[in-house]
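Working notes, beginning with the structure itself.
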Amino acid sequence: MPFAEKTKVKKKQDHTTVAFTKLNTKQYRVFVSTQPFGSINSEPLDILARYNAEVELNPYGRKMEPEEFKKHIADKDILIAGTDRVDKAVLDRAPGLKLIARVGIGIDNIDFAEVKKRGIILTYTPNAVSQAVAELTVANMLNAARMIPQIYLAMKKRHWNRQIGFEISGKAIGLIGFGRVGQRVAKMLQGFSCRILVNDIAPDQETGSRYNVVWATKEEIYSQADIISLHVPHTPLTYNMIDTTEIEMMKPHVCIINTSRGGIINEDALYHALKTGKIGTAAIDVYENEPYTGQLCELDNIILTAHSGSCSKEARYLMELGAAQEVVQFVTGKPPIEPVPDDVIKMECSTHAGKVKFEWHEILNQSQERDDQRYMIYRKHWNQYPTHRIVGPYPLNLDLELVHNPLEGYERGRMLDYFMSPLHPRAKFMEMALFEKVINEIDKMTEPMAIKLGVRGCPTYHPHLEQILRMLKEANCVETIISVCLSQLVGIRKSIFDTMVECGLGVLNIFVDTPAKDDAILDILAGIKKKRSVHKKASLKLRIIGNSKWEDSQEVGIFEDFWSHWADVIALVDPRDYQRKISDRDWDCLRLWQRLTISAEGKILACNYDISEEFCLGQFPGCSIQDAWRGEKMKRLRDVHVSTRETCSICNIKRNSLLQNWNNIK
């Protein structure tokens, strides 16, 4: 199709405007916030020229300040966006905005709820940068391994510094994230004879086989890899994914590379690890706040680049071309080429979410960590040995079933049914004499241990709960935890809550099993807060837990906004995440390595989810906690879990081998 158009560049006040005209078409006003744009190849601007667009380019040659951004976007129809924050305040200044064409792949700078509410089309260029980012990643591996930047800087100062690095051939390289970039990195590494460990939320088995990768858990990568490279989006699942706990698992010479998104690594934790020599080196291209001028710049054992992953001529051209083509699609009434998919938006949405582990979505944590050395050792153990590691002669967590609440028509796997049910006429209570014997053994322990009351019935139903709490206060345990349902709070005598505070209860978990928030419940929560304020040394942490399918961030925000007035911690549990995880045959169950259960009748159970008591280790006190934990039955049970990856009935996975092995050792 022939075009009759002309292009002219003119100065307009203090910024550059490129005006394009074409007969018989509507003129659209476009603001390009990313820079540079069209300087490497003019084709993106030439394309826009054919469609009567008035294009205003970023006049500053840098990322704009928020007020600058608002000023230039105010009267625009289309935004060709970089990494500028596009939130409600910005969109309020641009009521006519109809399209946001992102130059690049990261979209965590976009307020999706506002964009959706205003009917704005959102596109991105996910394929354009993959090769460039992958090449920078491999370049950083080689630079870090051979210490090329350090040697170069020394030579510039005329210092002959023959530093000794290492070869990446034969090394274990861990890739966390195996999408477009991660797969290209694996392909490039084929010539280096590396052992490539890969973790991804949705494993691509076919591509993995092509590049001979080994699928691994994150923990296995942290502990085994010589180089760890991150290729994940910025989501609630990945925010501060690498923190002090994860760094503690790593080899002392490890190199950490991040060319994905800022915020994936806790920068303070990384700084201290590099400064103290806990890890060897790092190569960082992206930061939580950019442009970055923070404390990592002080260190010599790190390679810092300025969000340069996409800064190749080829990638820049493809990104700009893709954005320009999206503008053409829009002005000609055609559907977008690369709209941001809904599932990507859901994953990227982090307005009401922080760090997430498995099915646990912690959306608010305003509690202070305890300044207690023994407690901190306990938490370090719990986090440091997440799979198949016994940390001492005793379990890290002991579940005491104060109340056994029979459930008619019980359905396997629905543990919360026990909490949600009213007290059954045939309910069984742990006798105080038995509880005292448990406490006596706990008092003899030297290892830190937490106590969780409940398991198969609301512990507040126990007639002697206040006495039990007072005994636990004197016991040799680092934390006591109680779980109840919101609907049950009204029926609990208020003196129990006073005792919880006075006796130093560690955590009160409240499961929100009902939408009702009546005054009686709120009065109880207010009473807990008041009682806690009086006892300045009270350690009680109030945790609100909801069940959610985690699909609507607005609903999550409402949930957070209401309960944040009462709770120290707010979390959501998505049961689908748990079911997906246990359906993965490579999933490592943690329970046999971290916790033990004693039933109301004194049976020592291998797992707190063993509702039907198929795996009883012995009868307490005839069999001690230590003997059960370190005994032959538990050892064989762990061996079967590791060797067959088959688990017990609660996980709804075949358990024939498990039961057969178990029956053989009875």
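Just remember, in the structure tokens the first chain shown is A, the second B, etc., residues are 1-based per chain, and ligands are 1-based in the order shown.
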Which of segment 472-501 of chain A fall in helix (DSSP H, G or I), as a ChimeraX atom specification: /A:472-474,486-491,494-501
Backbone-only DSSP, strand (DSSP E) members of segment 179-378 of chain A, as a ChimeraX atom specification: /A:195-199,214-215,227-230,255-258,281-284,302-304,356-357,360-365
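With only C-alpha atoms as the atoms that count, the residue of A:Asp75, A:Asp443, A:Glu326, A:Asp372 with the shortest distance to Ile100 of chain A is A:Glu326.
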One-decimal distance in Å that lies between atom CA of Arg102 of chain A and atom CA of Pro335 of chain A: 15.8 Å
All residues 9 Å or closer to Arg532 of chain A, only C-alpha atoms, same chain fewer than 6 positions away omitted, as a PyMOL selection string: chain A and resi 498+501-502+538-540
The selected residues should be written to file as a PDB file, in the first residue's frame (atoms: N, CA, C and O atoms).
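Output saved as out09.pdb:
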ATOM      1  N   ASP A 498      -7.047 -14.277  78.376  1.00  0.00           N
ATOM      2  CA  ASP A 498      -6.173 -13.600  79.340  1.00  0.00           C
ATOM      3  C   ASP A 498      -5.002 -14.501  79.716  1.00  0.00           C
ATOM      4  O   ASP A 498      -3.851 -14.058  79.799  1.00  0.00           O
ATOM      5  N   VAL A 501      -2.274 -14.712  77.051  1.00  0.00           N
ATOM      6  CA  VAL A 501      -1.353 -13.576  77.062  1.00  0.00           C
ATOM      7  C   VAL A 501      -0.403 -13.673  78.248  1.00  0.00           C
ATOM      8  O   VAL A 501       0.815 -13.520  78.113  1.00  0.00           O
ATOM      9  N   GLU A 502      -0.958 -13.950  79.418  1.00  0.00           N
ATOM     10  CA  GLU A 502      -0.158 -13.981  80.643  1.00  0.00           C
ATOM     11  C   GLU A 502       0.902 -15.071  80.605  1.00  0.00           C
ATOM     12  O   GLU A 502       2.002 -14.896  81.148  1.00  0.00           O
ATOM     13  N   ALA A 538       4.603  -9.480  76.827  1.00  0.00           N
ATOM     14  CA  ALA A 538       3.800 -10.532  76.196  1.00  0.00           C
ATOM     15  C   ALA A 538       4.322 -10.813  74.792  1.00  0.00           C
ATOM     16  O   ALA A 538       4.621  -9.904  74.023  1.00  0.00           O
ATOM     17  N   SER A 539       4.445 -12.095  74.468  1.00  0.00           N
ATOM     18  CA  SER A 539       5.001 -12.496  73.173  1.00  0.00           C
ATOM     19  C   SER A 539       3.938 -12.980  72.198  1.00  0.00           C
ATOM     20  O   SER A 539       4.262 -13.403  71.091  1.00  0.00           O
ATOM     21  N   LEU A 540       2.659 -12.927  72.606  1.00  0.00           N
ATOM     22  CA  LEU A 540       1.596 -13.477  71.770  1.00  0.00           C
ATOM     23  C   LEU A 540       1.529 -12.789  70.405  1.00  0.00           C
ATOM     24  O   LEU A 540       1.445 -11.568  70.310  1.00  0.00           O
TER      25      LEU A 540
END
Among listed residues A:Val327, A:Arg118, A:Cys477, A:Gln163, nearest Leu79 of chain A (using only C-alpha atoms): A:Val327
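Relative to atom CA of Glu248 of chain A, atom CA of Met445 of chain A is found at 26.2 Å.
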For Ile302 of chain A, the nearest of the candidates A:Asn41, A:Asn212, A:Asn365, A:Asn143, counting only C-alpha atoms: A:Asn143
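Across the model, the gap from atom CA of Cys297 of chain A to atom CA of Glu314 of chain A is 29.0 Å.
Of the residues listed (A:Gly179, A:Leu321, A:Ala172, A:Arg316), A:Arg316 shows the shortest atom-to-atom separation from Gln35 of chain A; distances use only C-alpha atoms.
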Long-range neighbours of Cys616 of chain A as a count of residues only, 8 Å cut-off, only C-alpha atoms, 4 positions minimum in chain: 4
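Considering only C-alpha atoms, the residue among A:Ala475, A:Val534, A:Leu396, A:Leu364 positioned nearest to Gly557 of chain A is A:Leu364.
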Contact residues around segment 173-178 of chain A with only C-alpha atoms at 10 Å, ignoring same-chain residues under 6 positions, as JSON, numbers by chain: {"A": [141, 184, 185, 186, 189, 194, 195, 196, 197, 198, 199, 200, 201, 202, 203, 204, 207, 208, 213, 214, 215, 216, 217, 218, 220, 221, 222, 223, 224, 225, 226, 227, 228, 229, 230, 231, 232, 233, 254, 255, 256, 257, 260]}
All residues 12 Å or closer to Pro66 of chain A, only C-alpha atoms, same chain fewer than 6 positions away omitted, as a VMD selection string: chain A and resid 33 72 to 73 83 to 91 93
Long-range neighbours of segment 267-281 of chain A as a PyMOL selection string, 10 Å cut-off, only C-alpha atoms, 6 positions minimum in chain: chain A and resi 144-145+147+226-227+240+242-248+250-257+287-288+294-303
Among listed residues A:Phe435, A:Tyr394, A:Phe615, A:Trp566, nearest Trp629 of chain A (using only C-alpha atoms): A:Tyr394
